[in-house]
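Visitor: Just one file: structure_0.tsv, with TSV, C-alpha atoms and all ligand atoms.
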chain	number	residue	atom	x	y	z
A	1	MET	CA	-147.42	97.78	56.73
A	2	PRO	CA	-146.71	96.09	60.10
A	3	GLN	CA	-147.70	97.90	63.28
A	4	THR	CA	-146.12	97.53	66.71
A	5	TYR	CA	-148.28	95.97	69.42
A	6	VAL	CA	-147.55	95.63	73.13
A	7	VAL	CA	-149.33	92.67	74.71
A	8	THR	CA	-149.23	92.54	78.51
A	9	GLY	CA	-149.85	89.19	80.19
A	10	ALA	CA	-148.75	87.26	77.10
A	11	ALA	CA	-147.62	84.18	79.04
A	12	GLY	CA	-151.24	83.86	80.06
A	13	PHE	CA	-154.18	82.34	78.30
A	14	ILE	CA	-155.75	85.25	76.39
A	15	GLY	CA	-152.56	87.28	75.96
A	16	SER	CA	-150.73	84.36	74.34
A	17	HIS	CA	-153.53	83.86	71.82
A	18	LEU	CA	-153.54	87.56	70.97
A	19	ALA	CA	-149.78	87.64	70.49
A	20	GLU	CA	-149.94	84.50	68.36
A	21	ARG	CA	-152.58	85.97	66.07
A	22	LEU	CA	-150.64	89.23	65.69
A	23	LEU	CA	-147.43	87.37	64.85
A	24	ARG	CA	-149.26	85.21	62.31
A	25	ASP	CA	-150.63	88.44	60.80
A	26	GLY	CA	-147.04	89.71	60.37
A	27	GLN	CA	-147.20	92.43	63.05
A	28	ARG	CA	-144.34	93.46	65.35
A	29	VAL	CA	-145.09	92.21	68.84
A	30	ARG	CA	-143.60	93.14	72.22
A	31	VAL	CA	-144.81	91.12	75.16
A	32	ILE	CA	-144.39	91.41	78.92
A	33	ASP	CA	-145.25	88.97	81.70
A	34	ASN	CA	-143.97	88.36	85.23
A	35	LEU	CA	-145.12	84.71	85.17
A	36	LEU	CA	-147.32	85.24	88.23
A	37	THR	CA	-150.05	83.02	86.77
A	38	GLY	CA	-148.61	82.69	83.26
A	39	ASP	CA	-146.73	79.80	81.73
A	40	ARG	CA	-143.29	80.17	80.16
A	41	THR	CA	-144.10	77.48	77.60
A	42	HIS	CA	-146.68	79.82	76.03
A	43	LEU	CA	-143.84	82.27	75.40
A	44	ASP	CA	-141.79	79.42	73.87
A	45	THR	CA	-144.73	78.70	71.56
A	46	LEU	CA	-144.74	82.36	70.49
A	47	LYS	CA	-140.96	82.25	69.86
A	48	SER	CA	-141.39	79.16	67.72
A	49	LEU	CA	-143.61	81.11	65.32
A	50	GLY	CA	-140.50	83.00	64.20
A	51	GLY	CA	-142.02	86.46	63.76
A	52	ASP	CA	-140.91	89.89	64.97
A	53	LEU	CA	-141.24	89.24	68.71
A	54	SER	CA	-139.56	90.72	71.77
A	55	ILE	CA	-140.17	89.22	75.22
A	56	THR	CA	-139.76	91.02	78.54
A	57	ILE	CA	-139.98	89.03	81.75
A	58	GLY	CA	-141.01	91.76	84.15
A	59	SER	CA	-143.88	93.37	85.95
A	60	ILE	CA	-146.31	96.11	85.01
A	61	THR	CA	-145.68	97.41	88.51
A	62	ASP	CA	-142.28	98.55	87.16
A	63	ARG	CA	-142.83	101.90	85.45
A	64	ASP	CA	-139.39	102.08	83.84
A	65	ILE	CA	-139.96	98.81	82.01
A	66	LEU	CA	-143.33	100.04	80.75
A	67	GLN	CA	-141.92	103.34	79.48
A	68	ALA	CA	-139.34	101.44	77.41
A	69	LEU	CA	-141.92	98.95	76.19
A	70	CYS	CA	-144.42	101.56	75.00
A	71	ARG	CA	-141.89	103.80	73.27
A	72	GLY	CA	-142.64	103.71	69.53
A	73	ALA	CA	-145.57	101.29	69.96
A	74	ASP	CA	-148.81	101.73	68.03
A	75	TYR	CA	-151.25	99.66	70.11
A	76	VAL	CA	-151.35	98.18	73.60
A	77	LEU	CA	-153.51	95.15	74.40
A	78	HIS	CA	-153.50	95.16	78.20
A	79	HIS	CA	-154.18	91.69	79.62
A	80	ALA	CA	-151.82	91.35	82.58
A	81	ALA	CA	-153.78	90.89	85.81
A	82	LEU	CA	-154.29	88.53	88.71
A	83	PRO	CA	-157.54	87.11	87.37
A	84	SER	CA	-159.06	85.19	90.26
A	85	VAL	CA	-162.08	85.97	92.41
A	86	PRO	CA	-161.13	83.62	95.30
A	87	ARG	CA	-157.55	84.87	95.31
A	88	SER	CA	-158.80	88.47	95.52
A	89	VAL	CA	-161.05	87.56	98.44
A	90	ALA	CA	-158.03	86.02	100.18
A	91	ASP	CA	-155.62	88.89	99.38
A	92	PRO	CA	-157.24	92.07	98.01
A	93	LEU	CA	-154.04	94.12	98.22
A	94	GLU	CA	-152.19	91.77	95.89
A	95	THR	CA	-155.06	91.92	93.40
A	96	HIS	CA	-155.08	95.71	93.59
A	97	LEU	CA	-151.35	95.88	92.89
A	98	HIS	CA	-151.45	93.82	89.70
A	99	CYS	CA	-154.87	94.87	88.43
A	100	VAL	CA	-155.17	98.54	89.39
A	101	THR	CA	-151.69	99.94	90.06
A	102	GLY	CA	-150.31	98.00	87.10
A	103	THR	CA	-153.04	99.32	84.81
A	104	LEU	CA	-152.48	102.89	85.92
A	105	ASN	CA	-148.74	102.52	85.31
A	106	LEU	CA	-149.44	101.20	81.85
A	107	LEU	CA	-151.84	104.00	80.95
A	108	VAL	CA	-149.27	106.59	82.03
A	109	ALA	CA	-146.59	104.90	79.91
A	110	ALA	CA	-148.94	104.63	76.90
A	111	ARG	CA	-149.92	108.28	77.25
A	112	ASP	CA	-146.31	109.42	77.51
A	113	ALA	CA	-145.31	107.33	74.49
A	114	GLY	CA	-148.23	108.62	72.38
A	115	VAL	CA	-149.56	105.15	71.47
A	116	LYS	CA	-152.56	105.14	69.16
A	117	ARG	CA	-154.86	103.05	71.32
A	118	VAL	CA	-154.99	100.90	74.45
A	119	VAL	CA	-157.43	97.99	74.60
A	120	TYR	CA	-158.11	97.01	78.22
A	121	ALA	CA	-159.25	93.53	79.22
A	122	ALA	CA	-162.18	94.36	81.49
A	123	SER	CA	-164.39	91.83	83.19
A	124	SER	CA	-168.05	90.91	83.52
A	125	SER	CA	-167.35	90.69	87.26
A	126	ALA	CA	-167.93	94.47	87.25
A	127	TYR	CA	-171.68	93.71	87.03
A	128	GLY	CA	-171.77	91.58	90.15
A	129	ASP	CA	-174.82	89.43	90.68
A	130	GLN	CA	-177.59	91.81	89.69
A	131	ALA	CA	-181.15	90.69	89.13
A	132	GLY	CA	-182.36	90.43	85.55
A	133	GLY	CA	-179.66	88.15	84.24
A	134	VAL	CA	-178.60	89.69	80.93
A	135	LYS	CA	-175.91	92.30	81.48
A	136	ALA	CA	-175.87	95.48	79.40
A	137	GLU	CA	-173.26	98.21	79.64
A	138	SER	CA	-175.95	100.73	80.63
A	139	MET	CA	-176.41	98.91	83.96
A	140	ARG	CA	-174.82	100.38	87.03
A	141	PRO	CA	-171.73	98.33	87.94
A	142	ALA	CA	-171.97	96.52	91.27
A	143	PRO	CA	-168.95	94.24	91.78
A	144	ILE	CA	-169.22	91.81	94.68
A	145	SER	CA	-165.55	90.77	94.93
A	146	PRO	CA	-162.28	92.68	95.28
A	147	TYR	CA	-161.34	91.29	91.84
A	148	GLY	CA	-164.50	92.77	90.28
A	149	ALA	CA	-163.84	96.10	91.96
A	150	ALA	CA	-160.21	96.12	90.76
A	151	LYS	CA	-161.14	95.33	87.15
A	152	LEU	CA	-163.76	98.08	87.25
A	153	ALA	CA	-161.23	100.56	88.61
A	154	GLY	CA	-159.05	99.78	85.57
A	155	GLU	CA	-161.97	100.57	83.26
A	156	TYR	CA	-162.57	103.88	84.96
A	157	TYR	CA	-158.91	104.78	84.69
A	158	ALA	CA	-158.90	103.91	80.99
A	159	ALA	CA	-161.96	106.08	80.26
A	160	ALA	CA	-160.54	108.90	82.39
A	161	PHE	CA	-157.30	108.83	80.39
A	162	THR	CA	-159.31	109.27	77.20
A	163	LEU	CA	-161.13	112.27	78.67
A	164	SER	CA	-158.17	113.82	80.49
A	165	TYR	CA	-155.33	113.22	78.03
A	166	GLY	CA	-156.93	112.21	74.73
A	167	LEU	CA	-155.35	108.72	74.97
A	168	GLU	CA	-157.62	106.41	72.96
A	169	THR	CA	-158.79	103.53	75.14
A	170	VAL	CA	-161.41	100.80	74.78
A	171	ALA	CA	-162.51	98.51	77.63
A	172	LEU	CA	-163.76	95.09	76.59
A	173	ARG	CA	-165.72	93.27	79.28
A	174	TYR	CA	-165.05	89.56	78.82
A	175	PHE	CA	-167.43	86.85	80.00
A	176	ASN	CA	-165.82	83.48	80.90
A	177	VAL	CA	-163.40	83.03	78.06
A	178	PHE	CA	-162.30	79.45	77.30
A	179	GLY	CA	-160.01	77.61	74.92
A	180	SER	CA	-156.59	76.02	74.75
A	181	ARG	CA	-153.76	77.02	77.15
A	182	GLN	CA	-155.86	77.71	80.24
A	183	ASP	CA	-154.18	76.27	83.31
A	184	PRO	CA	-156.39	73.46	84.63
A	185	ASN	CA	-154.26	72.62	87.66
A	186	SER	CA	-154.37	75.81	89.71
A	187	ALA	CA	-156.71	75.90	92.71
A	188	TYR	CA	-158.30	78.88	90.98
A	189	ALA	CA	-158.64	77.31	87.53
A	190	ALA	CA	-161.56	78.28	85.32
A	191	VAL	CA	-164.36	75.76	85.16
A	192	ILE	CA	-164.04	74.49	81.57
A	193	PRO	CA	-160.35	73.43	81.63
A	194	LYS	CA	-160.88	71.98	85.09
A	195	PHE	CA	-163.89	69.92	84.03
A	196	ILE	CA	-162.30	68.77	80.77
A	197	THR	CA	-159.08	67.57	82.38
A	198	THR	CA	-160.89	65.93	85.30
A	199	MET	CA	-163.29	64.12	82.98
A	200	LEU	CA	-160.49	63.10	80.60
A	201	ARG	CA	-159.02	61.23	83.58
A	202	GLY	CA	-162.38	59.49	84.00
A	203	GLN	CA	-163.17	61.38	87.22
A	204	ARG	CA	-166.34	63.21	88.22
A	205	PRO	CA	-166.15	67.04	88.05
A	206	THR	CA	-166.94	69.09	91.17
A	207	ILE	CA	-169.52	71.86	90.95
A	208	PHE	CA	-169.72	74.50	93.70
A	209	GLY	CA	-173.44	74.75	94.47
A	210	ASP	CA	-176.39	73.08	92.73
A	211	GLY	CA	-175.01	73.49	89.19
A	212	ARG	CA	-177.84	75.72	88.01
A	213	GLN	CA	-175.55	78.75	87.83
A	214	SER	CA	-174.91	79.82	84.23
A	215	ARG	CA	-172.16	81.50	82.28
A	216	ASP	CA	-171.79	83.16	78.89
A	217	PHE	CA	-168.84	80.98	77.86
A	218	THR	CA	-166.88	82.72	75.11
A	219	TYR	CA	-164.47	80.85	72.86
A	220	ILE	CA	-161.02	82.46	72.67
A	221	ASP	CA	-161.12	83.17	68.91
A	222	ASN	CA	-164.07	85.49	69.51
A	223	VAL	CA	-162.06	87.49	72.03
A	224	VAL	CA	-159.09	87.76	69.67
A	225	GLN	CA	-161.42	88.98	66.93
A	226	GLY	CA	-162.95	91.56	69.30
A	227	ASN	CA	-159.52	92.94	70.21
A	228	LEU	CA	-158.54	93.42	66.58
A	229	LEU	CA	-161.81	95.23	65.88
A	230	ALA	CA	-161.39	97.36	69.03
A	231	CYS	CA	-158.00	98.62	67.81
A	232	ALA	CA	-159.60	100.07	64.70
A	233	ALA	CA	-163.25	101.01	65.37
A	234	PRO	CA	-163.54	104.82	65.59
A	235	ALA	CA	-166.77	104.75	67.63
A	236	ALA	CA	-165.27	102.53	70.34
A	237	VAL	CA	-162.96	105.16	71.84
A	238	GLY	CA	-163.57	105.79	75.54
A	239	GLU	CA	-166.25	103.07	75.63
A	240	THR	CA	-166.83	99.98	77.74
A	241	ILE	CA	-168.15	97.14	75.59
A	242	ASN	CA	-169.28	93.61	76.48
A	243	LEU	CA	-167.36	91.00	74.52
A	244	ALA	CA	-168.96	87.58	74.71
A	245	ALA	CA	-170.94	85.01	72.80
A	246	GLY	CA	-174.24	86.37	74.13
A	247	GLY	CA	-175.38	82.88	75.21
A	248	ARG	CA	-176.16	81.12	78.48
A	249	VAL	CA	-174.81	77.72	79.50
A	250	VAL	CA	-175.87	76.12	82.78
A	251	LEU	CA	-173.03	74.24	84.51
A	252	ASN	CA	-175.02	71.00	84.77
A	253	ASP	CA	-175.55	71.19	80.97
A	254	LEU	CA	-171.85	71.87	80.43
A	255	VAL	CA	-171.06	68.57	82.14
A	256	ALA	CA	-173.67	66.82	79.97
A	257	GLN	CA	-172.16	68.28	76.77
A	258	LEU	CA	-168.69	67.22	77.83
A	259	ASN	CA	-169.99	63.72	78.51
A	260	ASP	CA	-171.35	63.71	74.94
A	261	ILE	CA	-168.04	64.83	73.42
A	262	LEU	CA	-165.98	62.42	75.55
A	263	GLY	CA	-168.39	59.51	75.29
A	264	SER	CA	-168.53	59.28	79.09
A	265	ASP	CA	-171.26	59.27	81.72
A	266	LEU	CA	-169.78	61.10	84.71
A	267	ALA	CA	-172.21	62.71	87.15
A	268	PRO	CA	-170.98	65.93	88.82
A	269	ILE	CA	-170.23	66.10	92.55
A	270	HIS	CA	-171.95	69.08	94.20
A	271	THR	CA	-170.28	70.95	97.10
A	272	VAL	CA	-170.90	74.25	98.91
A	273	GLU	CA	-170.98	77.51	96.94
A	274	ARG	CA	-167.85	79.69	96.86
A	275	PRO	CA	-167.88	83.22	98.31
A	276	GLY	CA	-168.01	85.91	95.59
A	277	ASP	CA	-169.41	83.53	92.95
A	278	ILE	CA	-172.06	84.93	90.64
A	279	LEU	CA	-175.26	82.98	89.94
A	280	ARG	CA	-176.00	83.99	86.38
A	281	SER	CA	-173.77	85.77	83.89
A	282	GLN	CA	-174.89	86.53	80.36
A	283	ALA	CA	-173.96	89.42	78.08
A	284	ASP	CA	-176.01	91.68	75.90
A	285	ILE	CA	-173.61	92.04	72.95
A	286	SER	CA	-175.60	94.56	70.91
A	287	LYS	CA	-173.12	97.35	71.72
A	288	ALA	CA	-170.22	95.23	70.41
A	289	ARG	CA	-172.21	94.56	67.26
A	290	GLU	CA	-172.98	98.23	66.80
A	291	LEU	CA	-169.65	99.87	67.73
A	292	LEU	CA	-167.19	97.15	66.69
A	293	GLY	CA	-169.09	95.30	63.99
A	294	PHE	CA	-168.50	92.23	66.18
A	295	GLU	CA	-170.06	88.82	65.55
A	296	PRO	CA	-168.87	85.64	67.28
A	297	VAL	CA	-166.73	83.69	64.79
A	298	VAL	CA	-166.85	80.31	66.60
A	299	ASP	CA	-169.93	79.06	68.50
A	300	PHE	CA	-169.89	77.42	71.95
A	301	GLU	CA	-170.20	73.79	70.83
A	302	GLU	CA	-167.48	74.06	68.22
A	303	GLY	CA	-165.26	75.93	70.70
A	304	LEU	CA	-165.81	73.21	73.30
A	305	ARG	CA	-164.86	70.46	70.82
A	306	ARG	CA	-161.69	72.29	69.79
A	307	THR	CA	-160.79	72.86	73.44
A	308	VAL	CA	-161.29	69.20	74.35
A	309	ASP	CA	-159.14	68.22	71.35
A	310	TRP	CA	-156.33	70.44	72.63
A	311	TYR	CA	-156.47	69.13	76.22
A	312	ARG	CA	-156.32	65.58	74.91
A	313	THR	CA	-152.85	66.39	73.55
A	314	ILE	CA	-151.26	67.77	76.74
A	315	PRO	CA	-149.74	65.75	79.57
A	316	ALA	CA	-151.53	67.87	82.24
A	317	ALA	CA	-154.75	66.25	81.19
A	318	LYS	CA	-153.37	62.86	82.11
A	319	SER	CA	-151.57	63.75	85.33
A	320	SER	CA	-152.54	65.12	88.77
B	401	LIG	N1	-160.31	84.39	81.18
B	401	LIG	C1	-161.46	85.02	81.36
B	401	LIG	O1	-162.52	84.42	81.28
B	401	LIG	C2	-161.50	86.50	81.63
B	401	LIG	C3	-162.74	87.11	81.88
B	401	LIG	C4	-162.78	88.47	82.16
B	401	LIG	C5	-161.62	89.21	82.11
B	401	LIG	N2	-160.42	88.60	81.89
B	401	LIG	C6	-159.21	89.42	81.88
B	401	LIG	O2	-158.43	89.06	80.77
B	401	LIG	C7	-157.05	89.18	81.09
B	401	LIG	C8	-156.31	87.90	80.78
B	401	LIG	O3	-156.87	86.84	81.54
B	401	LIG	P1	-156.39	85.33	81.36
B	401	LIG	O4	-157.57	84.49	81.56
B	401	LIG	O5	-155.58	85.20	80.14
B	401	LIG	O6	-155.48	85.16	82.67
B	401	LIG	P2	-154.00	84.55	82.82
B	401	LIG	O7	-153.78	84.41	84.30
B	401	LIG	O8	-153.85	83.35	81.98
B	401	LIG	O9	-153.12	85.72	82.25
B	401	LIG	C9	-152.76	86.86	82.99
B	401	LIG	C10	-151.27	87.05	82.79
B	401	LIG	O10	-150.87	88.26	83.44
B	401	LIG	C11	-149.60	88.00	84.03
B	401	LIG	N3	-149.39	88.99	85.09
B	401	LIG	C12	-150.03	89.08	86.28
B	401	LIG	N4	-149.56	90.13	86.97
B	401	LIG	C13	-148.61	90.70	86.20
B	401	LIG	C14	-147.75	91.79	86.38
B	401	LIG	N5	-147.77	92.53	87.49
B	401	LIG	N6	-146.89	92.10	85.39
B	401	LIG	C15	-146.84	91.36	84.25
B	401	LIG	N7	-147.62	90.29	84.03
B	401	LIG	C16	-148.49	89.97	85.01
B	401	LIG	C17	-149.70	86.59	84.53
B	401	LIG	O11	-148.45	85.99	84.79
B	401	LIG	C18	-150.45	85.92	83.40
B	401	LIG	O12	-149.56	85.40	82.42
B	401	LIG	C19	-157.00	89.60	82.56
B	401	LIG	O13	-156.86	91.00	82.62
B	401	LIG	C20	-158.34	89.19	83.10
B	401	LIG	O14	-158.75	90.00	84.20
B	401	LIG	C21	-160.33	87.24	81.65
Would you write out, as C-alpha cells, the structure that this file holds?
Ligand SMILES: NC(=O)c1ccc[n+]([C@@H]2O[C@H](COP(=O)([O-])OP(=O)(O)OC[C@H]3O[C@@H](n4cnc5c(N)ncnc54)[C@H](O)[C@@H]3O)[C@@H](O)[C@H]2O)c1
Guide:
Amino acid sequence: MPQTYVVTGAAGFIGSHLAERLLRDGQRVRVIDNLLTGDRTHLDTLKSLGGDLSITIGSITDRDILQALCRGADYVLHHAALPSVPRSVADPLETHLHCVTGTLNLLVAARDAGVKRVVYAASSSAYGDQAGGVKAESMRPAPISPYGAAKLAGEYYAAAFTLSYGLETVALRYFNVFGSRQDPNSAYAAVIPKFITTMLRGQRPTIFGDGRQSRDFTYIDNVVQGNLLACAAPAAVGETINLAAGGRVVLNDLVAQLNDILGSDLAPIHTVERPGDILRSQADISKARELLGFEPVVDFEEGLRRTVDWYRTIPAAKSS
C-alpha cells in the first residue's frame, strides 16, 4: 500500500536520491525546492521516472505552501537547507532563514497535518572540532560555524516537537555524503565532486591545508537506506543518530585513490586552511546499528568508483 512522502530539498543532491528511491518503490512523492542550491534537471530526472510525483517550486520559508504540502502526508524527509560552512560564515542570517526558520515552519506544518514521522537531515558539523576524533551522539555538541549551529538548532526543534506535541521526529547526523548529482562547480562544492571533476580534466586538485584532515565519507545509497529505516524504527523517535560509513579517509589518500581509479598521477596543490573547517570527522555508528538496524550497503571504494563513473558521463566534468 503506497504511502505519501514529502521530500524537501529534492532538487538537491540527497533529496533527489531519496525521491528517486521512493518513486522506484511505488510510493506517492511530493517534493519542494526553491532552487537556491538545487538543480532543476534533478527534478526532470524524477519526472522521467513516471511515478506518482508532485513538484512544488517554492520555499520552506512560506508557511502556507508547507501546510498544503503536509496535508494528508504520511512521512516528511526534510532535506532543504543552505548546506555550506563558508557561505554561513559569510552570511549567517541567510543560513538561519533556510536552515532554522524553514525547519521550524516545516515542523509546525507537519504537526498540524498529523504526519506520522519527520526525518530531519542533521549534520556532523554539530560536533565541531572536538578532540578525540570519533564522534558519538553522547558527546556535547560544539559547532564552530554558523552552519553547524543552525543545523543543531533544527535538531533541537525536532526533538522538542516530539516532547511537546508528540510529533514523531528522527534526526540523522550525516557525515560528508557523496555520490552522483553533487554540484562540482559551485565555490562551495563538496570535496569529492570537486576533486573528481578537476582530475577528470587532467588538473591537480586543491586541498585547503596540509591534506591530513580526514572525513567519514558516506556513499549516498547508505543515506537513502538510513532514511527508510528511520521512517519505521520505533526506537528512533525523538533521537539524534549518526548516519555514516564509520570510516576515516584522509584527503591526501582520497587524491591517491582517485589517481588509481582514473589512471592518473596528479599531485594535490596545498593552500591555506579555510575558516570553520574541521580537522577530523569520523562517526561512531553503533547507535544507528542498534536503533535503526543500519549497516552501510555500499563501501567507500565502491561508492567512489560509481561516483567517478557518473561524473565521466556529464558535461560539467569536461567544462569549466
Ligand atoms: N551532503 C552532505 O554531506 C551533508 C552532510 C550533513 C548534512 N547534510 C544535510 O542534508 C541536506 C541535503 O544536503 P545536500 O547535500 O543534498 O544539499 P543540496 O544543496 O544539494 O540540497 C539542498 C536543497 O535545498 C534547497 N533549498 C534551500 N533552501 C530552501 C528553501 N528555503 N526552500 C526550499 N528548498 C530549499 C536547495 O535548493 C537544494 O536543492 C541538508 O539539510 C544538509 O544540511 C548534508
Visitor: Return the single residue from A:Ala136, A:Leu82, A:Leu35, A:Ile55 that is closest to Lys287 (chain A), with distances computed using only C-alpha atoms.
Guide: A:Ala136
Visitor: Show me which residues are within 8 Å of ligand LIG 401 (chain B) counting only C-alpha atoms and all ligand atoms, and format the list as a ChimeraX atom specification.
Guide: /A:8-16,32-39,57-61,78-84,97-99,102,120-125,151,173-178,181-183,190,217-218
Visitor: Would you list the residues near (-162.7, 62.5, 79.6) (no more than 12 Å away, in the coordinates of the file, using only C-alpha atoms) as a ChimeraX atom specification?
Guide: /A:193-205,255-266,308-309,311-312,317-318
Visitor: Quick one, how far is CA of Thr45 (chain A) from CA of Ala171 (chain A)?
Guide: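 These two atoms are separated by 27.3 Å.
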Visitor: What is the distance between CA of His270 (chain A) and CA of Asp253 (chain A), in Å to one decimal?
Guide: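 The value is 13.9 Å.
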Visitor: Taking (-173.5, 76.4, 87.2) as a centre in this file's frame and 8 Å as the limit, can you find every polymer residue with an atom that close, using all atoms listed in the file, and give them as an NGL selection string?
Guide: :A and (207-215 or 249-252 or 279)
Visitor: Would you please work out which residue, of A:Thr56, A:Ser145, A:Thr41, A:Thr101, is nearest to Val89 (chain A) when using all atoms listed in the file?
Guide: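 Of A:Thr56, A:Ser145, A:Thr41, A:Thr101, the one nearest Val89 (chain A), counting all atoms listed in the file, is A:Ser145.
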Visitor: Rounded to one decimal place, report the CA of Val29 (chain A)-CA of Val6 (chain A) distance in Å.
Guide: 6.0 Å
Visitor: Of the residues A:Ala149, A:Ser138, A:Ala131, A:Ala159, which is the one nearest to His96 (chain A), using only C-alpha atoms?
Guide: A:Ala149
Visitor: Determine the nearest neighbour of Ser88 (chain A) from the options A:Val170, A:Ala283, A:Ile241, A:Ile144, counting all atoms listed in the file.
Guide: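 Among the listed residues, the smallest separation from Ser88 (chain A) belongs to A:Ile144.
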Visitor: Just checking: using only C-alpha atoms, which residue out of A:Ala232, A:Ile65, A:Leu107, A:Ala73 ends up closest to Arg28 (chain A)?
Guide: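 Smallest separation from Arg28 (chain A) among the options: A:Ala73.
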Visitor: Using all atoms listed in the file, find the one residue out of A:Ala158, A:Ala236, A:Leu93, A:Val224 that sits nearest to Asn105 (chain A).
Guide: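 Using all atoms listed in the file, Asn105 (chain A) sits closest to A:Ala158.
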Visitor: Identify, on the basis of only C-alpha atoms, every residue whose closest approach to Arg63 (chain A) does not exceed 10 Å; exclude the query and any residue fewer than 5 positions from it along the same chain; express the result as a list in words.
Guide: Ala68, Leu69, Gly102, Leu104, Asn105, Leu106, Val108 and Ala109 of chain A
Visitor: Report, as JSON, the axis-aligned box around all atoms of region 198-212 of chain A present in the file, extended by 5 Å on each side; give centre and edge lengths in Å to one decimal place.
Guide:
{"center_x": -168.4, "center_y": 67.6, "center_z": 87.5, "size_x": 28.8, "size_y": 26.2, "size_z": 23.9}
